[in-house]
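Read through the structure below, which is laid out as C-alpha cells, and then see the notes.
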Amino acid sequence: MSDPLVLHVLNGPNLNLLGVREPHIYGRETLADVQALCEAAAGQGKEGGATVVFRQSNREGELIDWVQEARTEASALVINPAAYGHTSIALLDALKALTIPVVECHLSNPAAREDFRRHSYVSLAATGVIAGFGAQSYELAVKAALRLARERASQPPR
Ligand code: CA2
C-alpha cells in the first residue's frame with residue numbers, strides 16, 4: 001500500500017481573528033472550525049485519509065520557513081497567504097521552489113474587492129486558486145490538492 005498523504009495548510013496574517021471580527025466578509029467560523037473542516041475533508045483518521053498539518057502565522061518569515069518545510073515533508077500545500085499574497089515576493093520565491101501541488105485559497109473573492117487585492121504574487125506559483133466560498137473554500141482546496149497529490153503519486157517517477 002502507498003504511504004499516507006500529508007497535506008500542509010498554511011494561513012497568513014490576521015486569520016487568527018477569524019470569526020471574531022468582520023463576519024460579513026469572512027464568515028462566522030473560527031480558524032479552529034476551519035481546521036476541523038480541513039481534517040474532515042482530508043479524511044484524517046480514516047482509512048486512506050490524509051494527515052493535515054494546519055498552521056497560522058502573522059510573520060512572513062515563519063510562513064516562508066513552513067513553505068520550505070513543505071518541500072520535503074508534504075504531499076501538497078494549501079495556502080491562504082492573506083495580505084502577504086498581495087505583497088510578498090519572498091513568499092512567491094519560496095513557493096516557486098516547490099514541486100508538490102500548491103492550491104491558493106481565500107475565504108472572500110479578492111477579485112471582487114478593492115483594487116489592491118486583485119493582484120496575488122502567490123497565484124504565480126499556485127497550481128490553482130479557490131476563492132469566495134467562505135470556509136468552504138478550504139474544503140474545496142483540500143479536495144483539489146489531495147486529488148492532484150494522488151494523481152502525482154500514481155505516476156511513474158520521472
Ligand atoms: O479572503 C481571504 O481569505 C483573504 O486572504 C483574507 C485576507 C485579505 O487580506 C485577503 O485579501 C483575502 C485578510 C485576512 C484577515 O482576516 C481577518 C479575519 C477576521 C477579522 C479580521 C481579519
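Identifiers for the C-alpha cells are assigned positionally: chains receive A, B, ... in sequence, residues are indexed from 1 per chain, and ligands are indexed from 1 in the order shown.
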Check every protein, DNA and RNA residue against ligand 1, keep those with an atom at most 8 Å away (counting only C-alpha atoms and all ligand atoms), and present them as JSON, numbers by chain.
{"A": [12, 13, 14, 15, 16, 17, 18, 19, 20, 21, 22, 23, 25, 26, 80, 81, 82, 83, 84, 85, 86, 105, 106, 107, 108, 109, 110, 117, 131, 132, 134]}
As a PyMOL selection string, please: every residue in segment 79-157 of chain A that DSSP puts in alpha helix (DSSP H).
chain A and resi 84-87+89-96+136-154
Determine, counting only C-alpha atoms, which protein, DNA and RNA residues have an atom within 12 Å of an atom of segment 52-62 of chain A; residues of the same chain fewer than 4 positions away are not included. Present the result as a short mmCIF file (atom, residue, chain, number, x, y, z; two decimals) with all heavy atoms, in the first residue's frame.
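Result file follows (out18.cif):
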data_model
loop_
_atom_site.label_atom_id
_atom_site.label_comp_id
_atom_site.auth_asym_id
_atom_site.auth_seq_id
_atom_site.Cartn_x
_atom_site.Cartn_y
_atom_site.Cartn_z
N PRO A 4 0.67 7.14 3.42
CA PRO A 4 -0.42 8.13 3.56
C PRO A 4 0.05 9.53 3.14
O PRO A 4 1.21 9.88 3.35
CB PRO A 4 -0.77 8.10 5.05
CG PRO A 4 0.22 7.22 5.71
CD PRO A 4 1.05 6.53 4.67
N LEU A 5 -0.86 10.27 2.53
CA LEU A 5 -0.51 11.62 2.09
C LEU A 5 -0.50 12.57 3.30
O LEU A 5 -1.26 12.39 4.25
CB LEU A 5 -1.52 12.13 1.07
CG LEU A 5 -1.57 11.36 -0.25
CD1 LEU A 5 -2.67 11.91 -1.15
CD2 LEU A 5 -0.24 11.41 -0.98
N VAL A 6 0.36 13.57 3.20
CA VAL A 6 0.44 14.61 4.25
C VAL A 6 0.16 15.95 3.58
O VAL A 6 0.85 16.33 2.63
CB VAL A 6 1.83 14.63 4.91
CG1 VAL A 6 1.91 15.73 5.95
CG2 VAL A 6 2.14 13.28 5.53
N LEU A 7 -0.87 16.62 4.07
CA LEU A 7 -1.27 17.91 3.48
C LEU A 7 -0.94 19.03 4.46
O LEU A 7 -1.41 19.01 5.61
CB LEU A 7 -2.77 17.90 3.19
CG LEU A 7 -3.33 19.20 2.63
CD1 LEU A 7 -2.82 19.45 1.22
CD2 LEU A 7 -4.85 19.17 2.64
N HIS A 8 -0.15 19.99 4.01
CA HIS A 8 0.12 21.16 4.85
C HIS A 8 -0.86 22.27 4.46
O HIS A 8 -1.04 22.54 3.26
CB HIS A 8 1.57 21.64 4.67
CG HIS A 8 2.57 20.74 5.33
ND1 HIS A 8 3.83 21.16 5.68
CD2 HIS A 8 2.47 19.44 5.73
CE1 HIS A 8 4.48 20.15 6.27
NE2 HIS A 8 3.68 19.10 6.30
N VAL A 9 -1.48 22.89 5.46
CA VAL A 9 -2.41 24.01 5.24
C VAL A 9 -1.86 25.21 6.01
O VAL A 9 -1.78 25.17 7.25
CB VAL A 9 -3.84 23.67 5.71
CG1 VAL A 9 -4.78 24.85 5.44
CG2 VAL A 9 -4.37 22.41 5.03
N LEU A 10 -1.45 26.24 5.26
CA LEU A 10 -0.83 27.41 5.89
C LEU A 10 -1.76 28.62 5.80
O LEU A 10 -2.41 28.85 4.77
CB LEU A 10 0.49 27.74 5.20
CG LEU A 10 1.56 26.65 5.22
CD1 LEU A 10 2.86 27.17 4.59
CD2 LEU A 10 1.82 26.17 6.65
N ASN A 11 -1.79 29.38 6.88
CA ASN A 11 -2.65 30.56 6.97
C ASN A 11 -1.84 31.77 7.36
O ASN A 11 -1.07 31.72 8.33
CB ASN A 11 -3.73 30.32 8.04
CG ASN A 11 -4.66 29.19 7.65
OD1 ASN A 11 -5.58 29.40 6.89
ND2 ASN A 11 -4.39 27.99 8.15
N GLY A 12 -2.05 32.87 6.64
CA GLY A 12 -1.28 34.09 6.86
C GLY A 12 -1.86 35.01 7.90
O GLY A 12 -2.73 34.64 8.69
N PRO A 13 -1.36 36.26 7.88
CA PRO A 13 -1.62 37.20 8.97
C PRO A 13 -3.09 37.54 9.18
O PRO A 13 -3.85 37.69 8.22
CB PRO A 13 -0.84 38.45 8.55
CG PRO A 13 -0.59 38.30 7.10
CD PRO A 13 -0.51 36.81 6.84
N ASN A 14 -3.44 37.65 10.43
CA ASN A 14 -4.77 38.08 10.94
C ASN A 14 -5.83 36.99 10.84
O ASN A 14 -6.93 37.20 11.34
CB ASN A 14 -5.23 39.37 10.25
CG ASN A 14 -4.30 40.52 10.54
OD1 ASN A 14 -4.00 40.79 11.69
ND2 ASN A 14 -3.80 41.19 9.50
N LEU A 15 -5.50 35.87 10.22
CA LEU A 15 -6.53 34.82 10.11
C LEU A 15 -6.83 34.17 11.47
O LEU A 15 -7.85 33.50 11.62
CB LEU A 15 -6.13 33.79 9.06
CG LEU A 15 -6.31 34.32 7.63
CD1 LEU A 15 -5.57 33.45 6.62
CD2 LEU A 15 -7.79 34.42 7.25
N ASN A 16 -5.97 34.44 12.47
CA ASN A 16 -6.29 34.01 13.84
C ASN A 16 -7.52 34.75 14.39
O ASN A 16 -8.13 34.32 15.36
CB ASN A 16 -5.10 34.22 14.78
CG ASN A 16 -4.55 35.63 14.73
OD1 ASN A 16 -4.33 36.17 13.64
ND2 ASN A 16 -4.32 36.24 15.85
N LEU A 17 -7.90 35.85 13.72
CA LEU A 17 -9.06 36.64 14.18
C LEU A 17 -10.37 36.17 13.56
O LEU A 17 -11.43 36.75 13.82
CB LEU A 17 -8.87 38.13 13.81
CG LEU A 17 -7.66 38.82 14.44
CD1 LEU A 17 -7.54 40.24 13.91
CD2 LEU A 17 -7.80 38.82 15.96
N LEU A 18 -10.28 35.14 12.76
CA LEU A 18 -11.47 34.65 12.05
C LEU A 18 -12.61 34.33 13.03
O LEU A 18 -12.39 33.71 14.07
CB LEU A 18 -11.07 33.37 11.31
CG LEU A 18 -11.70 33.12 9.96
CD1 LEU A 18 -11.47 34.30 9.05
CD2 LEU A 18 -11.13 31.85 9.36
N LEU A 31 -10.90 29.93 13.16
CA LEU A 31 -9.83 29.17 12.49
C LEU A 31 -9.84 27.70 12.96
O LEU A 31 -9.53 26.81 12.18
CB LEU A 31 -8.47 29.83 12.75
CG LEU A 31 -7.35 29.43 11.80
CD1 LEU A 31 -7.68 29.80 10.35
CD2 LEU A 31 -6.03 30.07 12.21
N ALA A 32 -10.24 27.47 14.21
CA ALA A 32 -10.35 26.09 14.70
C ALA A 32 -11.45 25.34 13.94
O ALA A 32 -11.29 24.15 13.62
CB ALA A 32 -10.64 26.09 16.20
N ASP A 33 -12.53 26.05 13.63
CA ASP A 33 -13.60 25.42 12.82
C ASP A 33 -13.06 25.06 11.43
O ASP A 33 -13.36 23.99 10.88
CB ASP A 33 -14.79 26.37 12.63
CG ASP A 33 -15.52 26.69 13.93
OD1 ASP A 33 -15.48 25.85 14.85
OD2 ASP A 33 -16.11 27.78 14.02
N VAL A 34 -12.29 25.99 10.85
CA VAL A 34 -11.73 25.75 9.51
C VAL A 34 -10.77 24.56 9.54
O VAL A 34 -10.78 23.72 8.63
CB VAL A 34 -11.01 27.03 8.98
CG1 VAL A 34 -10.25 26.75 7.69
CG2 VAL A 34 -12.01 28.16 8.77
N GLN A 35 -9.98 24.47 10.60
CA GLN A 35 -9.07 23.32 10.74
C GLN A 35 -9.87 22.01 10.76
O GLN A 35 -9.52 21.05 10.06
CB GLN A 35 -8.24 23.45 12.02
CG GLN A 35 -7.32 22.25 12.23
CD GLN A 35 -6.33 22.45 13.37
OE1 GLN A 35 -6.29 23.50 14.00
NE2 GLN A 35 -5.53 21.44 13.61
N ALA A 36 -10.94 21.99 11.54
CA ALA A 36 -11.77 20.77 11.64
C ALA A 36 -12.36 20.42 10.27
O ALA A 36 -12.42 19.24 9.88
CB ALA A 36 -12.87 20.97 12.68
N LEU A 37 -12.77 21.46 9.52
CA LEU A 37 -13.32 21.26 8.18
C LEU A 37 -12.26 20.62 7.25
O LEU A 37 -12.56 19.70 6.47
CB LEU A 37 -13.74 22.62 7.64
CG LEU A 37 -14.80 22.72 6.58
CD1 LEU A 37 -16.13 22.32 7.18
CD2 LEU A 37 -14.89 24.17 6.09
N CYS A 38 -11.03 21.13 7.34
CA CYS A 38 -9.94 20.60 6.50
C CYS A 38 -9.64 19.15 6.87
O CYS A 38 -9.45 18.30 5.98
CB CYS A 38 -8.66 21.43 6.69
SG CYS A 38 -8.76 23.07 5.98
N GLU A 39 -9.61 18.86 8.16
CA GLU A 39 -9.30 17.49 8.60
C GLU A 39 -10.39 16.52 8.12
O GLU A 39 -10.09 15.42 7.67
CB GLU A 39 -9.14 17.45 10.12
CG GLU A 39 -7.87 18.15 10.57
CD GLU A 39 -7.76 18.40 12.06
OE1 GLU A 39 -8.72 18.10 12.80
OE2 GLU A 39 -6.72 18.93 12.48
N ALA A 40 -11.64 16.97 8.19
CA ALA A 40 -12.74 16.12 7.72
C ALA A 40 -12.65 15.93 6.20
O ALA A 40 -12.82 14.82 5.69
CB ALA A 40 -14.08 16.74 8.11
N ALA A 41 -12.37 17.02 5.47
CA ALA A 41 -12.28 16.93 4.00
C ALA A 41 -11.14 16.02 3.56
O ALA A 41 -11.21 15.38 2.51
CB ALA A 41 -12.10 18.33 3.40
N ALA A 42 -10.09 15.96 4.39
CA ALA A 42 -8.93 15.11 4.06
C ALA A 42 -9.15 13.67 4.50
O ALA A 42 -8.36 12.79 4.18
CB ALA A 42 -7.67 15.66 4.75
N GLY A 43 -10.25 13.44 5.25
CA GLY A 43 -10.50 12.09 5.76
C GLY A 43 -9.48 11.69 6.82
O GLY A 43 -9.17 10.50 6.98
N GLN A 44 -8.97 12.68 7.55
CA GLN A 44 -7.94 12.39 8.56
C GLN A 44 -8.48 11.40 9.59
O GLN A 44 -9.60 11.56 10.07
CB GLN A 44 -7.50 13.69 9.26
CG GLN A 44 -6.44 13.46 10.31
CD GLN A 44 -5.78 14.75 10.76
OE1 GLN A 44 -4.98 15.33 10.03
NE2 GLN A 44 -6.11 15.22 11.93
N GLY A 45 -7.68 10.38 9.87
CA GLY A 45 -8.08 9.37 10.86
C GLY A 45 -8.86 8.22 10.24
O GLY A 45 -9.12 7.23 10.91
N TRP A 66 7.90 27.59 6.78
CA TRP A 66 6.94 26.48 6.66
C TRP A 66 6.77 26.05 5.20
O TRP A 66 6.59 24.85 4.93
CB TRP A 66 5.59 26.87 7.26
CG TRP A 66 5.62 26.98 8.76
CD1 TRP A 66 6.54 26.44 9.62
CD2 TRP A 66 4.66 27.67 9.58
NE1 TRP A 66 6.21 26.75 10.92
CE2 TRP A 66 5.07 27.50 10.93
CE3 TRP A 66 3.51 28.41 9.32
CZ2 TRP A 66 4.36 28.04 12.00
CZ3 TRP A 66 2.80 28.95 10.38
CH2 TRP A 66 3.22 28.76 11.70
N VAL A 67 6.81 27.00 4.27
CA VAL A 67 6.75 26.63 2.84
C VAL A 67 7.98 25.78 2.50
O VAL A 67 7.88 24.74 1.84
CB VAL A 67 6.67 27.88 1.93
CG1 VAL A 67 6.89 27.50 0.47
CG2 VAL A 67 5.33 28.59 2.10
N GLN A 68 9.14 26.19 2.99
CA GLN A 68 10.37 25.41 2.73
C GLN A 68 10.27 24.02 3.33
O GLN A 68 10.69 23.03 2.73
CB GLN A 68 11.58 26.15 3.28
CG GLN A 68 11.92 27.41 2.51
CD GLN A 68 13.22 28.04 2.96
OE1 GLN A 68 13.98 27.46 3.71
NE2 GLN A 68 13.47 29.25 2.50
N GLU A 69 9.67 23.93 4.51
CA GLU A 69 9.48 22.62 5.17
C GLU A 69 8.57 21.73 4.32
O GLU A 69 8.81 20.52 4.19
CB GLU A 69 8.88 22.84 6.55
CG GLU A 69 8.81 21.60 7.39
CD GLU A 69 8.07 21.85 8.71
OE1 GLU A 69 8.31 22.89 9.36
OE2 GLU A 69 7.23 21.01 9.07
N ALA A 70 7.53 22.33 3.73
CA ALA A 70 6.57 21.56 2.91
C ALA A 70 7.26 20.90 1.73
O ALA A 70 6.82 19.86 1.23
CB ALA A 70 5.44 22.46 2.44
N GLU A 73 8.41 17.68 3.32
CA GLU A 73 7.55 16.97 4.28
C GLU A 73 6.11 16.77 3.81
O GLU A 73 5.37 15.99 4.40
CB GLU A 73 7.51 17.72 5.63
CG GLU A 73 8.87 17.97 6.25
CD GLU A 73 9.65 16.68 6.49
OE1 GLU A 73 9.03 15.70 6.94
OE2 GLU A 73 10.85 16.65 6.18
N ALA A 74 5.68 17.52 2.78
CA ALA A 74 4.26 17.48 2.40
C ALA A 74 4.05 16.88 1.02
O ALA A 74 4.91 16.97 0.14
CB ALA A 74 3.67 18.90 2.43
N SER A 75 2.87 16.28 0.83
CA SER A 75 2.48 15.78 -0.49
C SER A 75 1.81 16.87 -1.30
O SER A 75 1.74 16.79 -2.54
CB SER A 75 1.49 14.62 -0.35
OG SER A 75 1.77 13.81 0.75
N ALA A 76 1.24 17.86 -0.62
CA ALA A 76 0.59 19.00 -1.28
C ALA A 76 0.46 20.13 -0.26
O ALA A 76 0.54 19.90 0.96
CB ALA A 76 -0.79 18.61 -1.81
N LEU A 77 0.25 21.33 -0.78
CA LEU A 77 0.14 22.51 0.10
C LEU A 77 -1.10 23.31 -0.26
O LEU A 77 -1.34 23.61 -1.43
CB LEU A 77 1.38 23.39 -0.07
CG LEU A 77 1.40 24.72 0.68
CD1 LEU A 77 1.56 24.50 2.19
CD2 LEU A 77 2.52 25.62 0.18
N VAL A 78 -1.88 23.66 0.77
CA VAL A 78 -2.96 24.65 0.62
C VAL A 78 -2.49 25.89 1.38
O VAL A 78 -2.04 25.77 2.53
CB VAL A 78 -4.29 24.13 1.21
CG1 VAL A 78 -5.32 25.24 1.29
CG2 VAL A 78 -4.82 22.98 0.35
N ILE A 79 -2.57 27.05 0.74
CA ILE A 79 -2.12 28.27 1.43
C ILE A 79 -3.12 29.40 1.25
O ILE A 79 -3.52 29.71 0.13
CB ILE A 79 -0.70 28.69 0.98
CG1 ILE A 79 -0.24 29.93 1.75
CG2 ILE A 79 -0.57 28.87 -0.52
CD1 ILE A 79 1.26 30.22 1.66
N ASN A 80 -3.55 29.96 2.40
CA ASN A 80 -4.25 31.25 2.37
C ASN A 80 -3.23 32.26 2.87
O ASN A 80 -3.03 32.41 4.09
CB ASN A 80 -5.49 31.24 3.26
CG ASN A 80 -6.22 32.59 3.17
OD1 ASN A 80 -5.67 33.56 2.65
ND2 ASN A 80 -7.44 32.65 3.68
N PRO A 81 -2.57 32.94 1.94
CA PRO A 81 -1.48 33.84 2.35
C PRO A 81 -1.99 35.13 2.98
O PRO A 81 -1.21 35.95 3.44
CB PRO A 81 -0.77 34.13 1.02
CG PRO A 81 -1.85 33.98 -0.02
CD PRO A 81 -2.78 32.93 0.49
N ALA A 82 -3.33 35.32 2.96
CA ALA A 82 -3.96 36.56 3.45
C ALA A 82 -3.27 37.74 2.74
O ALA A 82 -2.95 37.64 1.55
CB ALA A 82 -3.92 36.63 4.96
N ALA A 83 -3.01 38.83 3.43
CA ALA A 83 -2.50 40.03 2.75
C ALA A 83 -1.11 39.81 2.14
O ALA A 83 -0.73 40.52 1.19
CB ALA A 83 -2.49 41.21 3.70
N TYR A 84 -0.32 38.85 2.66
CA TYR A 84 1.00 38.61 2.07
C TYR A 84 0.91 38.14 0.62
O TYR A 84 1.87 38.28 -0.14
CB TYR A 84 1.80 37.59 2.89
CG TYR A 84 2.32 38.13 4.20
CD1 TYR A 84 2.42 37.32 5.32
CD2 TYR A 84 2.74 39.46 4.32
CE1 TYR A 84 2.90 37.81 6.53
CE2 TYR A 84 3.21 39.96 5.52
CZ TYR A 84 3.29 39.13 6.62
OH TYR A 84 3.77 39.61 7.81
N GLY A 85 -0.24 37.59 0.24
CA GLY A 85 -0.42 37.21 -1.16
C GLY A 85 -0.28 38.41 -2.09
O GLY A 85 0.20 38.30 -3.22
N THR A 87 1.52 41.11 -1.41
CA THR A 87 2.75 41.90 -1.20
C THR A 87 4.07 41.13 -1.26
O THR A 87 5.11 41.75 -1.49
CB THR A 87 2.71 42.56 0.21
OG1 THR A 87 2.67 41.52 1.20
CG2 THR A 87 1.51 43.48 0.36
N SER A 88 4.04 39.81 -1.03
CA SER A 88 5.30 39.14 -0.69
C SER A 88 5.96 38.39 -1.86
O SER A 88 5.58 37.26 -2.21
CB SER A 88 5.09 38.17 0.47
OG SER A 88 6.30 37.51 0.77
N ILE A 89 6.99 39.02 -2.40
CA ILE A 89 7.81 38.34 -3.42
C ILE A 89 8.62 37.23 -2.76
O ILE A 89 8.89 36.19 -3.37
CB ILE A 89 8.72 39.36 -4.14
CG1 ILE A 89 7.85 40.38 -4.89
CG2 ILE A 89 9.66 38.67 -5.12
CD1 ILE A 89 8.62 41.58 -5.42
N ALA A 90 8.97 37.42 -1.49
CA ALA A 90 9.74 36.39 -0.77
C ALA A 90 8.92 35.10 -0.64
O ALA A 90 9.46 33.99 -0.81
CB ALA A 90 10.15 36.90 0.61
N LEU A 91 7.65 35.26 -0.36
CA LEU A 91 6.78 34.08 -0.27
C LEU A 91 6.65 33.41 -1.64
O LEU A 91 6.72 32.19 -1.76
CB LEU A 91 5.40 34.52 0.26
CG LEU A 91 4.43 33.46 0.75
CD1 LEU A 91 5.05 32.55 1.81
CD2 LEU A 91 3.16 34.12 1.30
N LEU A 92 6.52 34.22 -2.68
CA LEU A 92 6.47 33.69 -4.05
C LEU A 92 7.74 32.89 -4.35
O LEU A 92 7.67 31.76 -4.86
CB LEU A 92 6.31 34.84 -5.06
CG LEU A 92 6.54 34.45 -6.53
CD1 LEU A 92 5.52 33.42 -7.00
CD2 LEU A 92 6.48 35.69 -7.42
N ALA A 94 9.75 31.39 -2.33
CA ALA A 94 9.75 30.14 -1.56
C ALA A 94 8.82 29.12 -2.23
O ALA A 94 9.17 27.95 -2.38
CB ALA A 94 9.32 30.40 -0.13
N TYR A 138 -11.82 26.29 1.80
CA TYR A 138 -10.78 25.39 2.31
C TYR A 138 -11.12 23.93 1.99
O TYR A 138 -10.24 23.14 1.64
CB TYR A 138 -10.62 25.55 3.82
CG TYR A 138 -9.82 26.75 4.24
CD1 TYR A 138 -10.37 28.02 4.24
CD2 TYR A 138 -8.50 26.62 4.67
CE1 TYR A 138 -9.65 29.13 4.65
CE2 TYR A 138 -7.76 27.71 5.08
CZ TYR A 138 -8.33 28.97 5.07
OH TYR A 138 -7.60 30.06 5.47
N VAL A 142 -8.70 21.65 -0.16
CA VAL A 142 -8.13 20.40 0.37
C VAL A 142 -8.42 19.25 -0.60
O VAL A 142 -7.53 18.47 -0.95
CB VAL A 142 -8.71 20.09 1.78
CG1 VAL A 142 -8.44 18.64 2.19
CG2 VAL A 142 -8.13 21.06 2.80
N LYS A 143 -9.65 19.17 -1.08
CA LYS A 143 -10.02 18.09 -2.01
C LYS A 143 -9.19 18.19 -3.30
O LYS A 143 -8.70 17.18 -3.81
CB LYS A 143 -11.51 18.18 -2.37
CG LYS A 143 -12.44 18.03 -1.20
CD LYS A 143 -12.94 16.60 -1.10
CE LYS A 143 -14.00 16.50 -0.02
NZ LYS A 143 -14.07 15.18 0.58
N ALA A 145 -6.27 19.71 -3.77
CA ALA A 145 -4.84 19.46 -3.51
C ALA A 145 -4.58 17.96 -3.37
O ALA A 145 -3.59 17.44 -3.91
CB ALA A 145 -4.40 20.21 -2.25
N LEU A 146 -5.48 17.26 -2.66
CA LEU A 146 -5.26 15.82 -2.46
C LEU A 146 -5.47 15.04 -3.75
O LEU A 146 -4.79 14.06 -4.01
CB LEU A 146 -6.16 15.30 -1.34
CG LEU A 146 -5.74 15.76 0.06
CD1 LEU A 146 -6.74 15.31 1.10
CD2 LEU A 146 -4.34 15.24 0.40
#
DSSP on the backbone, then: every residue of segment 4-148 of chain A marked strand (DSSP E or B), written as an mmCIF file with C-alpha atoms, in the first residue's frame.
data_model
loop_
_atom_site.group_PDB
_atom_site.id
_atom_site.type_symbol
_atom_site.label_atom_id
_atom_site.label_comp_id
_atom_site.auth_asym_id
_atom_site.auth_seq_id
_atom_site.Cartn_x
_atom_site.Cartn_y
_atom_site.Cartn_z
ATOM 1 C CA VAL A 6 0.436 14.606 4.247
ATOM 2 C CA LEU A 7 -1.267 17.909 3.483
ATOM 3 C CA HIS A 8 0.120 21.162 4.849
ATOM 4 C CA VAL A 9 -2.409 24.009 5.239
ATOM 5 C CA LEU A 10 -0.832 27.412 5.889
ATOM 6 C CA ASN A 11 -2.653 30.560 6.975
ATOM 7 C CA THR A 51 -2.855 13.775 7.602
ATOM 8 C CA VAL A 52 -3.377 17.528 7.842
ATOM 9 C CA VAL A 53 -0.734 19.841 9.316
ATOM 10 C CA PHE A 54 -2.613 23.110 9.900
ATOM 11 C CA ARG A 55 -0.735 26.310 10.846
ATOM 12 C CA GLN A 56 -1.218 30.078 11.073
ATOM 13 C CA ALA A 76 0.592 19.004 -1.276
ATOM 14 C CA LEU A 77 0.138 22.512 0.101
ATOM 15 C CA VAL A 78 -2.955 24.655 0.624
ATOM 16 C CA ILE A 79 -2.122 28.267 1.435
ATOM 17 C CA ASN A 80 -4.247 31.250 2.369
ATOM 18 C CA VAL A 102 0.012 24.218 -4.396
ATOM 19 C CA VAL A 103 -3.574 25.437 -4.028
ATOM 20 C CA GLU A 104 -4.106 29.085 -3.096
ATOM 21 C CA CYS A 105 -7.250 29.559 -1.058
ATOM 22 C CA HIS A 106 -9.250 32.629 0.031
ATOM 23 C CA GLY A 128 -4.863 26.615 -8.862
ATOM 24 C CA VAL A 129 -6.842 29.147 -6.848
ATOM 25 C CA ILE A 130 -10.117 28.760 -4.933
ATOM 26 C CA ALA A 131 -11.770 31.890 -3.573
#
Nearest to Leu95 of chain A by atom-to-atom distance, counting only C-alpha atoms, from A:Leu124, A:Thr72, A:Phe116, A:Leu148:
A:Leu124
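Straight-line separation from atom CA of Ser120 of chain A to atom CA of Phe133 of chain A: 17.8 Å.
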Distance atom CA of Ile64 of chain A-atom CA of Pro101 of chain A, one decimal place?
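If I compute the distance from atom CA of Ile64 of chain A to atom CA of Pro101 of chain A, I get 16.5 Å.
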Using only C-alpha atoms, which residue out of A:Ala135, A:Ala125, A:Ala112, A:Ala97 lies closest to Glu29 of chain A?
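Between A:Ala135, A:Ala125, A:Ala112, A:Ala97, the residue approaching Glu29 of chain A most closely is A:Ala135.
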